[in-house]
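Next comes data07.txt, with compact mmCIF, C-alpha atoms.
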```
# COMPACT_ATOMS: atom_id res chain seq x y z
CA MET A 825 -11.88 1.41 -23.32
CA LEU A 826 -8.89 0.64 -21.08
CA ILE A 827 -7.35 -2.84 -20.86
CA TYR A 828 -4.24 -3.67 -18.86
CA ILE A 829 -1.66 -6.28 -19.87
CA GLU A 830 -0.40 -7.89 -16.67
CA GLY A 831 2.23 -10.44 -15.71
CA ASN A 832 5.23 -11.14 -13.51
CA ILE A 833 8.73 -9.77 -14.07
CA GLY A 834 10.27 -11.51 -17.08
CA THR A 835 6.99 -12.90 -18.38
CA GLY A 836 7.45 -11.22 -21.75
CA LYS A 837 5.04 -8.30 -21.50
CA SER A 838 7.24 -5.86 -23.41
CA THR A 839 7.83 -8.45 -26.15
CA PHE A 840 4.11 -9.18 -26.25
CA VAL A 841 3.26 -5.47 -26.60
CA ARG A 842 5.85 -5.06 -29.34
CA LEU A 843 4.48 -8.02 -31.31
CA LEU A 844 0.90 -6.94 -30.70
CA SER A 845 1.67 -3.58 -32.29
CA THR A 846 1.91 -5.28 -35.70
CA TYR A 847 -1.72 -6.41 -35.35
CA ILE A 848 -3.23 -3.27 -33.85
CA ALA A 849 -4.47 -1.77 -37.12
CA GLN A 850 -6.69 -4.82 -37.63
CA LEU A 851 -8.85 -3.73 -34.69
CA ARG A 852 -10.17 -0.92 -36.90
CA VAL A 853 -12.26 -3.59 -38.58
CA ASN A 854 -14.06 -3.95 -35.26
CA SER A 855 -14.51 -0.19 -34.79
CA PHE A 856 -11.62 0.46 -32.39
CA ASN A 857 -8.96 3.11 -32.63
CA ALA A 858 -6.36 1.15 -30.65
CA ALA A 859 -3.03 2.16 -29.15
CA LEU A 860 -0.44 0.46 -26.96
CA SER A 861 1.29 1.89 -23.90
CA GLN A 862 4.46 0.40 -22.43
CA GLU A 863 5.33 0.81 -18.76
CA PRO A 864 7.76 3.68 -18.07
CA VAL A 865 10.86 1.55 -17.40
CA ASP A 866 13.07 3.95 -19.38
CA GLU A 867 11.98 6.75 -17.05
CA TRP A 868 12.92 4.64 -14.03
CA LEU A 869 16.33 3.85 -15.49
CA GLU A 870 16.98 7.58 -15.84
CA THR A 871 15.86 8.36 -12.27
CA ARG A 872 19.25 8.40 -10.55
CA ASP A 873 20.66 9.24 -7.15
CA SER A 874 23.79 11.32 -6.53
CA ASP A 875 25.92 8.15 -6.73
CA GLY A 876 24.72 7.51 -10.29
CA GLN A 877 22.61 4.45 -9.48
CA ASN A 878 19.10 4.38 -10.89
CA ILE A 879 16.02 3.64 -8.82
CA LEU A 880 15.76 0.03 -10.04
CA GLU A 881 19.34 -0.67 -8.98
CA LYS A 882 18.69 0.95 -5.60
CA PHE A 883 15.56 -1.12 -5.06
CA TYR A 884 17.05 -4.52 -5.87
CA GLU A 885 20.25 -3.74 -3.94
CA ASP A 886 18.45 -2.77 -0.71
CA GLN A 887 14.70 -3.36 -0.81
CA LYS A 888 14.10 -2.48 2.83
CA ARG A 889 15.59 0.99 2.31
CA TRP A 890 14.10 1.68 -1.12
CA SER A 891 10.75 -0.18 -1.30
CA PHE A 892 8.58 2.79 -0.37
CA THR A 893 10.49 5.17 -2.66
CA PHE A 894 10.41 2.79 -5.61
CA GLN A 895 6.76 1.73 -5.24
CA MET A 896 5.55 5.33 -4.90
CA ASN A 897 7.56 6.40 -7.95
CA SER A 898 6.40 3.35 -9.89
CA PHE A 899 2.65 3.81 -9.55
CA ILE A 900 2.71 7.61 -9.86
CA SER A 901 4.80 7.54 -13.05
CA ARG A 902 2.62 4.74 -14.41
CA ALA A 903 -0.61 6.61 -13.65
CA HIS A 904 0.74 9.76 -15.28
CA LYS A 905 1.79 7.92 -18.45
CA ILE A 906 -1.50 6.04 -18.82
CA GLN A 907 -3.60 9.14 -18.23
CA THR A 908 -1.53 11.22 -20.68
CA GLU A 909 -1.66 8.59 -23.42
CA ARG A 910 -5.36 7.89 -22.88
CA THR A 911 -6.18 11.60 -23.23
CA LYS A 912 -4.11 11.80 -26.43
CA LEU A 913 -5.81 8.69 -27.82
CA GLU A 914 -9.26 10.15 -27.14
CA GLU A 915 -8.26 13.39 -28.91
CA ASP A 916 -6.79 11.46 -31.86
CA THR A 917 -9.92 9.32 -32.09
CA GLN A 918 -12.15 12.38 -32.21
CA GLU A 919 -9.92 13.93 -34.86
CA LEU A 920 -10.04 10.73 -36.89
CA TYR A 921 -13.81 10.55 -36.52
CA ASN A 922 -14.15 14.14 -37.72
CA SER A 923 -11.96 13.41 -40.74
CA VAL A 924 -14.08 10.48 -41.92
CA LYS A 925 -17.62 11.30 -40.74
CA ASN A 926 -18.65 12.48 -44.18
CA THR A 927 -17.22 9.43 -45.93
CA ASP A 928 -18.63 5.95 -46.31
CA MET A 929 -15.99 4.28 -44.12
CA GLU A 930 -17.73 1.55 -42.13
CA PHE A 931 -16.30 2.37 -38.71
CA SER A 932 -16.89 6.11 -38.83
CA GLU A 933 -20.08 6.09 -36.76
CA SER A 934 -18.82 3.94 -33.88
CA LEU A 935 -15.07 4.45 -33.57
CA GLU A 936 -14.03 3.75 -29.98
CA PRO A 937 -10.65 4.54 -28.38
CA LEU A 938 -8.93 1.45 -26.97
CA LEU A 939 -5.75 1.72 -24.89
CA LEU A 940 -3.90 -1.51 -24.15
CA ALA A 941 -1.47 -0.61 -21.37
CA GLU A 942 1.42 -2.66 -20.03
CA ARG A 943 0.73 -3.05 -16.31
CA SER A 944 -1.44 -0.92 -14.04
CA ILE A 945 -1.26 0.83 -10.69
CA TYR A 946 -3.24 -2.15 -9.37
CA THR A 947 -0.31 -4.47 -10.11
CA ASP A 948 1.78 -2.11 -8.02
CA ARG A 949 -0.79 -2.23 -5.21
CA HIS A 950 -1.85 -5.88 -5.13
CA CYS A 951 1.43 -7.57 -6.11
CA PHE A 952 4.52 -5.47 -5.53
CA ALA A 953 3.58 -3.19 -2.64
CA VAL A 954 1.72 -5.85 -0.68
CA ASN A 955 4.69 -8.20 -1.12
CA CYS A 956 7.04 -5.52 0.20
CA HIS A 957 4.78 -5.02 3.22
CA GLU A 958 4.28 -8.72 3.97
CA SER A 959 8.02 -9.40 3.74
CA GLY A 960 8.83 -6.57 6.17
CA LYS A 961 10.51 -4.37 3.56
CA MET A 962 7.82 -1.69 3.86
CA THR A 963 6.56 -0.55 7.26
CA LYS A 964 2.88 -0.38 8.15
CA MET A 965 2.98 3.42 8.06
CA GLU A 966 4.67 3.43 4.63
CA TYR A 967 2.18 0.88 3.30
CA ASP A 968 -0.81 2.84 4.65
CA ILE A 969 0.46 6.06 3.03
CA TYR A 970 1.08 4.21 -0.22
CA CYS A 971 -2.42 2.70 -0.25
CA ARG A 972 -4.12 6.03 0.45
CA TRP A 973 -2.34 7.70 -2.49
CA ASN A 974 -2.91 4.72 -4.76
CA ASP A 975 -6.63 4.75 -3.94
CA TRP A 976 -6.92 8.51 -4.49
CA ILE A 977 -5.13 8.53 -7.84
CA SER A 978 -7.14 5.52 -9.01
CA LYS A 979 -10.41 7.31 -8.24
CA GLU A 980 -9.36 10.82 -9.27
CA PHE A 981 -8.17 9.75 -12.74
CA ASN A 982 -10.63 6.90 -13.25
CA LEU A 983 -7.95 4.31 -13.90
CA ARG A 984 -10.09 1.23 -13.30
CA PRO A 985 -9.96 -1.05 -16.36
CA ASP A 986 -12.60 -2.56 -18.59
CA GLY A 987 -10.59 -5.78 -18.50
CA TYR A 988 -7.22 -7.45 -18.03
CA ILE A 989 -5.00 -9.60 -20.24
CA TYR A 990 -2.96 -11.74 -17.85
CA LEU A 991 0.22 -13.26 -19.28
CA ARG A 992 0.84 -16.17 -16.94
CA CYS A 993 4.24 -17.82 -16.77
CA ASP A 994 6.20 -20.25 -14.60
CA PRO A 995 8.63 -18.33 -12.31
CA GLU A 996 11.51 -20.57 -13.40
CA VAL A 997 10.96 -19.41 -16.98
CA ASN A 998 10.71 -15.81 -15.73
CA THR A 999 14.20 -16.20 -14.30
CA GLN A 1000 15.59 -17.46 -17.60
CA ARG A 1001 14.02 -14.58 -19.53
CA ILE A 1002 15.31 -11.98 -17.06
CA ILE A 1003 18.85 -13.33 -17.46
CA LYS A 1004 18.50 -13.36 -21.24
CA ARG A 1005 17.33 -9.74 -21.55
CA SER A 1006 19.97 -8.43 -19.06
CA ARG A 1007 18.06 -5.28 -18.15
CA GLU A 1008 20.03 -2.79 -16.06
CA GLY A 1009 19.29 -3.17 -12.36
CA GLU A 1010 17.62 -6.60 -12.56
CA CYS A 1011 20.64 -8.88 -12.11
CA GLY A 1012 20.24 -11.46 -9.37
CA ILE A 1013 16.49 -11.25 -8.71
CA PRO A 1014 15.84 -14.24 -6.39
CA ILE A 1015 13.51 -16.99 -7.62
CA GLU A 1016 11.72 -16.78 -4.23
CA TYR A 1017 10.80 -13.16 -4.98
CA LEU A 1018 9.40 -14.12 -8.40
CA GLN A 1019 7.45 -17.01 -6.87
CA LYS A 1020 5.81 -14.69 -4.34
CA LEU A 1021 4.90 -12.20 -7.07
CA HIS A 1022 3.48 -15.07 -9.14
CA GLU A 1023 1.24 -16.09 -6.24
CA HIS A 1024 0.09 -12.51 -5.70
CA HIS A 1025 -0.75 -12.13 -9.41
CA ASP A 1026 -2.89 -15.29 -9.32
CA LEU A 1027 -4.71 -14.20 -6.15
CA TRP A 1028 -5.31 -10.72 -7.49
CA MET A 1029 -6.66 -11.91 -10.84
CA ASP A 1030 -9.00 -14.29 -9.01
CA LYS A 1031 -10.33 -11.35 -6.96
CA GLU A 1032 -10.85 -9.25 -10.09
CA LYS A 1033 -12.79 -12.09 -11.75
CA ALA A 1034 -14.88 -12.48 -8.59
CA GLN A 1035 -15.84 -8.81 -9.00
CA ASN A 1036 -16.95 -9.55 -12.60
CA VAL A 1037 -13.98 -7.80 -14.20
CA PRO A 1038 -13.18 -9.60 -17.50
CA VAL A 1039 -9.80 -11.38 -17.43
CA LEU A 1040 -8.19 -13.11 -20.40
CA ILE A 1041 -5.48 -15.52 -19.19
CA ILE A 1042 -2.79 -16.41 -21.74
CA ASP A 1043 -0.23 -19.05 -20.80
CA VAL A 1044 3.13 -17.80 -22.07
CA THR A 1045 5.36 -20.34 -20.32
CA GLU A 1046 6.25 -21.70 -23.74
CA ASP A 1047 7.64 -19.42 -26.45
CA PHE A 1048 4.76 -17.37 -27.85
CA THR A 1049 6.67 -15.23 -30.34
CA SER A 1050 6.14 -17.23 -33.53
CA THR A 1051 3.73 -15.82 -36.11
CA GLU A 1052 1.48 -18.86 -35.71
CA ASN A 1053 1.23 -18.43 -31.94
CA MET A 1054 0.71 -14.68 -32.14
CA ASP A 1055 -2.01 -15.10 -34.77
CA ALA A 1056 -3.89 -17.37 -32.38
CA ILE A 1057 -3.29 -15.05 -29.42
CA PHE A 1058 -4.44 -11.99 -31.34
CA LYS A 1059 -7.61 -13.82 -32.34
CA SER A 1060 -8.37 -14.47 -28.68
CA VAL A 1061 -7.55 -10.83 -27.81
CA THR A 1062 -9.89 -9.57 -30.54
CA GLU A 1063 -12.72 -11.80 -29.31
CA PHE A 1064 -12.05 -10.72 -25.71
CA VAL A 1065 -12.11 -7.00 -26.56
CA GLY A 1066 -15.18 -7.40 -28.73
CA GLY A 1067 -17.01 -9.22 -25.95
CA ILE A 1068 -16.31 -6.42 -23.49
CA SER A 1069 -17.43 -3.76 -25.95
CA LYS A 1070 -20.81 -5.45 -26.47
CA LYS A 1071 -21.65 -5.49 -22.74
```

Write the structure described by the file as structure tokens, please.
Amino acid sequence: MLIYIEGNIGTGKSTFVRLLSTYIAQLRVNSFNAALSQEPVDEWLETRDSDGQNILEKFYEDQKRWSFTFQMNSFISRAHKIQTERTKLEEDTQELYNSVKNTDMEFSESLEPLLLAERSIYTDRHCFAVNCHESGKMTKMEYDIYCRWNDWISKEFNLRPDGYIYLRCDPEVNTQRIIKRSREGECGIPIEYLQKLHEHHDLWMDKEKAQNVPVLIIDVTEDFTSTENMDAIFKSVTEFVGGISKK
């Protein structure tokens, strides 16, 4: 099973994934061998030009020049990471199954691999790339090339999800969280850019739901990091995952 964790820049996806990792083992009770995958931001920060600037810095400094380069690199590196980690999880699950199949462990007959991945190539397509195109920062030809490759990789590696967890947040709060984390290359992201991405996320999630793709929306505008809040969120995630598995 493949579930993507989506949300705008600065929503708190990385924090959410980190906190969720402390609960992951509990999914074994429900017959899942679960793993978490974070988006390859570290790889992007190490992708540098001859002047020493990384690709994130290039993109936010001059989006019209670097939109196509950044968006292509983003979805290809994301697809590669998800596919690699999904394959490893499937192998690990089979190995785990083999190690316990002759025991009386309750989950041994129905252990299912579950990858919860931070963002997808569909975020890249339906939020970031389309925004670059609509704002004139990506030409029609660039956008058409991007879409053809995005479609092919999606189909070739079967990256469509079983469901989405959408962390929804007010763009003003996104701005505050971006400033607080001070990630290299993200200084000065305009609120207008975050607002547009917020609108695209909402529209995209509505389209996915209209196509009967399960979507769990979690409002994270308020601080969600307390143990009490995460306990409640994890309960909803467990119920969401279990509901998909039974379909």

Stretch 875-884 of chain A surroundings by all atoms listed in the file, 10 Å radius, close-in-sequence under 6 positions cut, as a PyMOL selection string | chain A and resi 865+867-869+890-895+897-898+1007-1014

Near A:Ser978, counting all atoms listed in the file, which residues have an atom at most 10 Å away, once you skip same-chain residues fewer than 5 positions from it, shown as a list in words?
->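 Close residues of A:Ser978: Phe899, Ala903, Ser944, Ile945, Tyr946, Arg972, Trp973, Leu983 and Arg984 of chain A.
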
Expected answer as a list of chain:residue names: all residues with atoms within 10 Å of (6.7, 2.7, 4.9), all atoms listed in the file |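 Here the neighbourhood of the point contains A:Lys888, A:Arg889, A:Trp890, A:Ser891, A:Phe892, A:Thr893, A:Cys956, A:His957, A:Gly960, A:Lys961, A:Met962, A:Thr963, A:Lys964, A:Met965, A:Glu966, A:Tyr967, A:Asp968, A:Ile969, A:Tyr970.
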
Give me, as a PDB file with C-alpha atoms, in the coordinates of the input, all polymer residues having an atom no more than 9 Å from A:Lys905, counting all atoms listed in the file and skipping those fewer than 6 positions away in the same chain.
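And here is the file that came out, part10.pdb:
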```pdb
ATOM      1  CA  SER A 861       1.290   1.890 -23.900  1.00  0.00           C
ATOM      2  CA  GLN A 862       4.460   0.400 -22.430  1.00  0.00           C
ATOM      3  CA  GLU A 863       5.330   0.810 -18.760  1.00  0.00           C
ATOM      4  CA  PRO A 864       7.760   3.680 -18.070  1.00  0.00           C
TER       5      PRO A 864
END
```

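With all atoms listed in the file as the basis for measurement, A:Ile829 is the residue among A:Ile829, A:Thr835, A:Glu942, A:Ile906 that approaches A:Tyr988 most closely.
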
Do a neighbour search on A:Met1054 at 12 Å with all atoms listed in the file, toss out local chain neighbours closer than 2 positions, and write the hits as a PyMOL selection string.
-> chain A and resi 839-847+1042+1044+1047-1052+1056-1062

How many Å separate atom CA of A:Gly1067 from atom CA of A:Pro1038?
->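 We find that atom CA of A:Gly1067 and atom CA of A:Pro1038 lie 9.3 Å from each other.
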
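Here the question is which of A:Thr871, A:Ser838, A:Asn857, A:Asn974 gets nearest to A:Arg1001 using only C-alpha atoms, and that residue is A:Ser838.
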
Can you list, as a PyMOL selection string, every protein, DNA or RNA residue that comes within 7 Å of A:Asp1043 when you count all atoms listed in the file, leaving out same-chain residues fewer than 3 positions away?
-> chain A and resi 991-993

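The two atoms in question, atom CA of A:Leu1018 and atom CA of A:Lys1033, are spaced 22.5 Å apart.
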
How many Å lie between atom CA of A:Asp916 and atom CA of A:Pro937, rounded to one decimal?
->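 So the answer is 8.7 Å.
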
Counting all atoms listed in the file, the residue of A:Thr947, A:Asp886, A:Leu826, A:Ala859 that sits nearest A:Lys912 = A:Ala859

Residue with smallest distance to A:Trp1028 - pool A:Ile1015, A:Cys951, A:Ala941, A:Ile1002, counting only C-alpha atoms | A:Cys951

Nearest to A:Glu936, chosen from A:Arg872, A:Arg910, A:Lys837, A:Arg949, with all atoms listed in the file counted in the distances =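 Selected residue with least distance to A:Glu936: A:Arg910.
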
Nearest to A:Ile827, chosen from A:Val1065, A:Ala1034, A:Leu851, A:Leu913, with only C-alpha atoms counted in the distances |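 So, comparing all the options, the nearest one is A:Val1065.
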
Your completed stretch 1041-1066 of chain A with N, CA and C atoms, as a PDB file, in the coordinates of the input:
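Okay, selection06.pdb is ready:
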```pdb
ATOM      1  N   ILE A1041      -6.738 -14.927 -19.635  1.00  0.00           N
ATOM      2  CA  ILE A1041      -5.480 -15.520 -19.190  1.00  0.00           C
ATOM      3  C   ILE A1041      -4.809 -16.211 -20.379  1.00  0.00           C
ATOM      4  N   ILE A1042      -3.574 -15.810 -20.651  1.00  0.00           N
ATOM      5  CA  ILE A1042      -2.790 -16.410 -21.740  1.00  0.00           C
ATOM      6  C   ILE A1042      -1.545 -17.041 -21.139  1.00  0.00           C
ATOM      7  N   ASP A1043      -1.408 -18.347 -21.302  1.00  0.00           N
ATOM      8  CA  ASP A1043      -0.230 -19.050 -20.800  1.00  0.00           C
ATOM      9  C   ASP A1043       0.941 -18.808 -21.747  1.00  0.00           C
ATOM     10  N   VAL A1044       1.971 -18.127 -21.234  1.00  0.00           N
ATOM     11  CA  VAL A1044       3.130 -17.800 -22.070  1.00  0.00           C
ATOM     12  C   VAL A1044       4.394 -18.481 -21.545  1.00  0.00           C
ATOM     13  N   THR A1045       4.207 -19.598 -20.819  1.00  0.00           N
ATOM     14  CA  THR A1045       5.360 -20.340 -20.320  1.00  0.00           C
ATOM     15  C   THR A1045       6.222 -20.845 -21.481  1.00  0.00           C
ATOM     16  N   GLU A1046       5.548 -21.319 -22.529  1.00  0.00           N
ATOM     17  CA  GLU A1046       6.250 -21.700 -23.740  1.00  0.00           C
ATOM     18  C   GLU A1046       6.460 -20.469 -24.624  1.00  0.00           C
ATOM     19  N   ASP A1047       7.375 -20.538 -25.537  1.00  0.00           N
ATOM     20  CA  ASP A1047       7.640 -19.420 -26.450  1.00  0.00           C
ATOM     21  C   ASP A1047       6.381 -19.069 -27.247  1.00  0.00           C
ATOM     22  N   PHE A1048       5.999 -17.805 -27.184  1.00  0.00           N
ATOM     23  CA  PHE A1048       4.760 -17.370 -27.850  1.00  0.00           C
ATOM     24  C   PHE A1048       5.035 -16.461 -29.037  1.00  0.00           C
ATOM     25  N   THR A1049       6.301 -16.289 -29.400  1.00  0.00           N
ATOM     26  CA  THR A1049       6.670 -15.230 -30.340  1.00  0.00           C
ATOM     27  C   THR A1049       6.547 -15.605 -31.815  1.00  0.00           C
ATOM     28  N   SER A1050       6.270 -16.859 -32.118  1.00  0.00           N
ATOM     29  CA  SER A1050       6.140 -17.230 -33.530  1.00  0.00           C
ATOM     30  C   SER A1050       4.886 -16.597 -34.126  1.00  0.00           C
ATOM     31  N   THR A1051       4.880 -16.414 -35.427  1.00  0.00           N
ATOM     32  CA  THR A1051       3.730 -15.820 -36.110  1.00  0.00           C
ATOM     33  C   THR A1051       2.480 -16.658 -35.882  1.00  0.00           C
ATOM     34  N   GLU A1052       2.626 -17.969 -35.918  1.00  0.00           N
ATOM     35  CA  GLU A1052       1.480 -18.860 -35.710  1.00  0.00           C
ATOM     36  C   GLU A1052       0.867 -18.669 -34.323  1.00  0.00           C
ATOM     37  N   ASN A1053       1.719 -18.616 -33.306  1.00  0.00           N
ATOM     38  CA  ASN A1053       1.230 -18.430 -31.940  1.00  0.00           C
ATOM     39  C   ASN A1053       0.602 -17.060 -31.747  1.00  0.00           C
ATOM     40  N   MET A1054       1.246 -16.021 -32.292  1.00  0.00           N
ATOM     41  CA  MET A1054       0.710 -14.680 -32.140  1.00  0.00           C
ATOM     42  C   MET A1054      -0.598 -14.499 -32.902  1.00  0.00           C
ATOM     43  N   ASP A1055      -0.741 -15.143 -34.039  1.00  0.00           N
ATOM     44  CA  ASP A1055      -2.010 -15.100 -34.770  1.00  0.00           C
ATOM     45  C   ASP A1055      -3.139 -15.636 -33.901  1.00  0.00           C
ATOM     46  N   ALA A1056      -2.874 -16.760 -33.234  1.00  0.00           N
ATOM     47  CA  ALA A1056      -3.890 -17.370 -32.380  1.00  0.00           C
ATOM     48  C   ALA A1056      -4.176 -16.496 -31.154  1.00  0.00           C
ATOM     49  N   ILE A1057      -3.118 -15.920 -30.585  1.00  0.00           N
ATOM     50  CA  ILE A1057      -3.290 -15.050 -29.420  1.00  0.00           C
ATOM     51  C   ILE A1057      -4.075 -13.804 -29.792  1.00  0.00           C
ATOM     52  N   PHE A1058      -3.728 -13.209 -30.936  1.00  0.00           N
ATOM     53  CA  PHE A1058      -4.440 -11.990 -31.340  1.00  0.00           C
ATOM     54  C   PHE A1058      -5.910 -12.279 -31.601  1.00  0.00           C
ATOM     55  N   LYS A1059      -6.209 -13.438 -32.126  1.00  0.00           N
ATOM     56  CA  LYS A1059      -7.610 -13.820 -32.340  1.00  0.00           C
ATOM     57  C   LYS A1059      -8.365 -13.849 -31.010  1.00  0.00           C
ATOM     58  N   SER A1060      -7.727 -14.418 -29.987  1.00  0.00           N
ATOM     59  CA  SER A1060      -8.370 -14.470 -28.680  1.00  0.00           C
ATOM     60  C   SER A1060      -8.499 -13.070 -28.066  1.00  0.00           C
ATOM     61  N   VAL A1061      -7.494 -12.211 -28.302  1.00  0.00           N
ATOM     62  CA  VAL A1061      -7.550 -10.830 -27.810  1.00  0.00           C
ATOM     63  C   VAL A1061      -8.687 -10.072 -28.491  1.00  0.00           C
ATOM     64  N   THR A1062      -8.819 -10.235 -29.786  1.00  0.00           N
ATOM     65  CA  THR A1062      -9.890  -9.570 -30.540  1.00  0.00           C
ATOM     66  C   THR A1062     -11.262 -10.000 -30.037  1.00  0.00           C
ATOM     67  N   GLU A1063     -11.436 -11.294 -29.816  1.00  0.00           N
ATOM     68  CA  GLU A1063     -12.720 -11.800 -29.310  1.00  0.00           C
ATOM     69  C   GLU A1063     -12.982 -11.279 -27.892  1.00  0.00           C
ATOM     70  N   PHE A1064     -11.934 -11.213 -27.083  1.00  0.00           N
ATOM     71  CA  PHE A1064     -12.050 -10.720 -25.710  1.00  0.00           C
ATOM     72  C   PHE A1064     -12.477  -9.252 -25.700  1.00  0.00           C
ATOM     73  N   VAL A1065     -11.793  -8.433 -26.481  1.00  0.00           N
ATOM     74  CA  VAL A1065     -12.110  -7.000 -26.560  1.00  0.00           C
ATOM     75  C   VAL A1065     -13.517  -6.790 -27.106  1.00  0.00           C
ATOM     76  N   GLY A1066     -13.855  -7.529 -28.149  1.00  0.00           N
ATOM     77  CA  GLY A1066     -15.180  -7.400 -28.730  1.00  0.00           C
ATOM     78  C   GLY A1066     -16.273  -7.779 -27.764  1.00  0.00           C
TER      79      GLY A1066
END
```
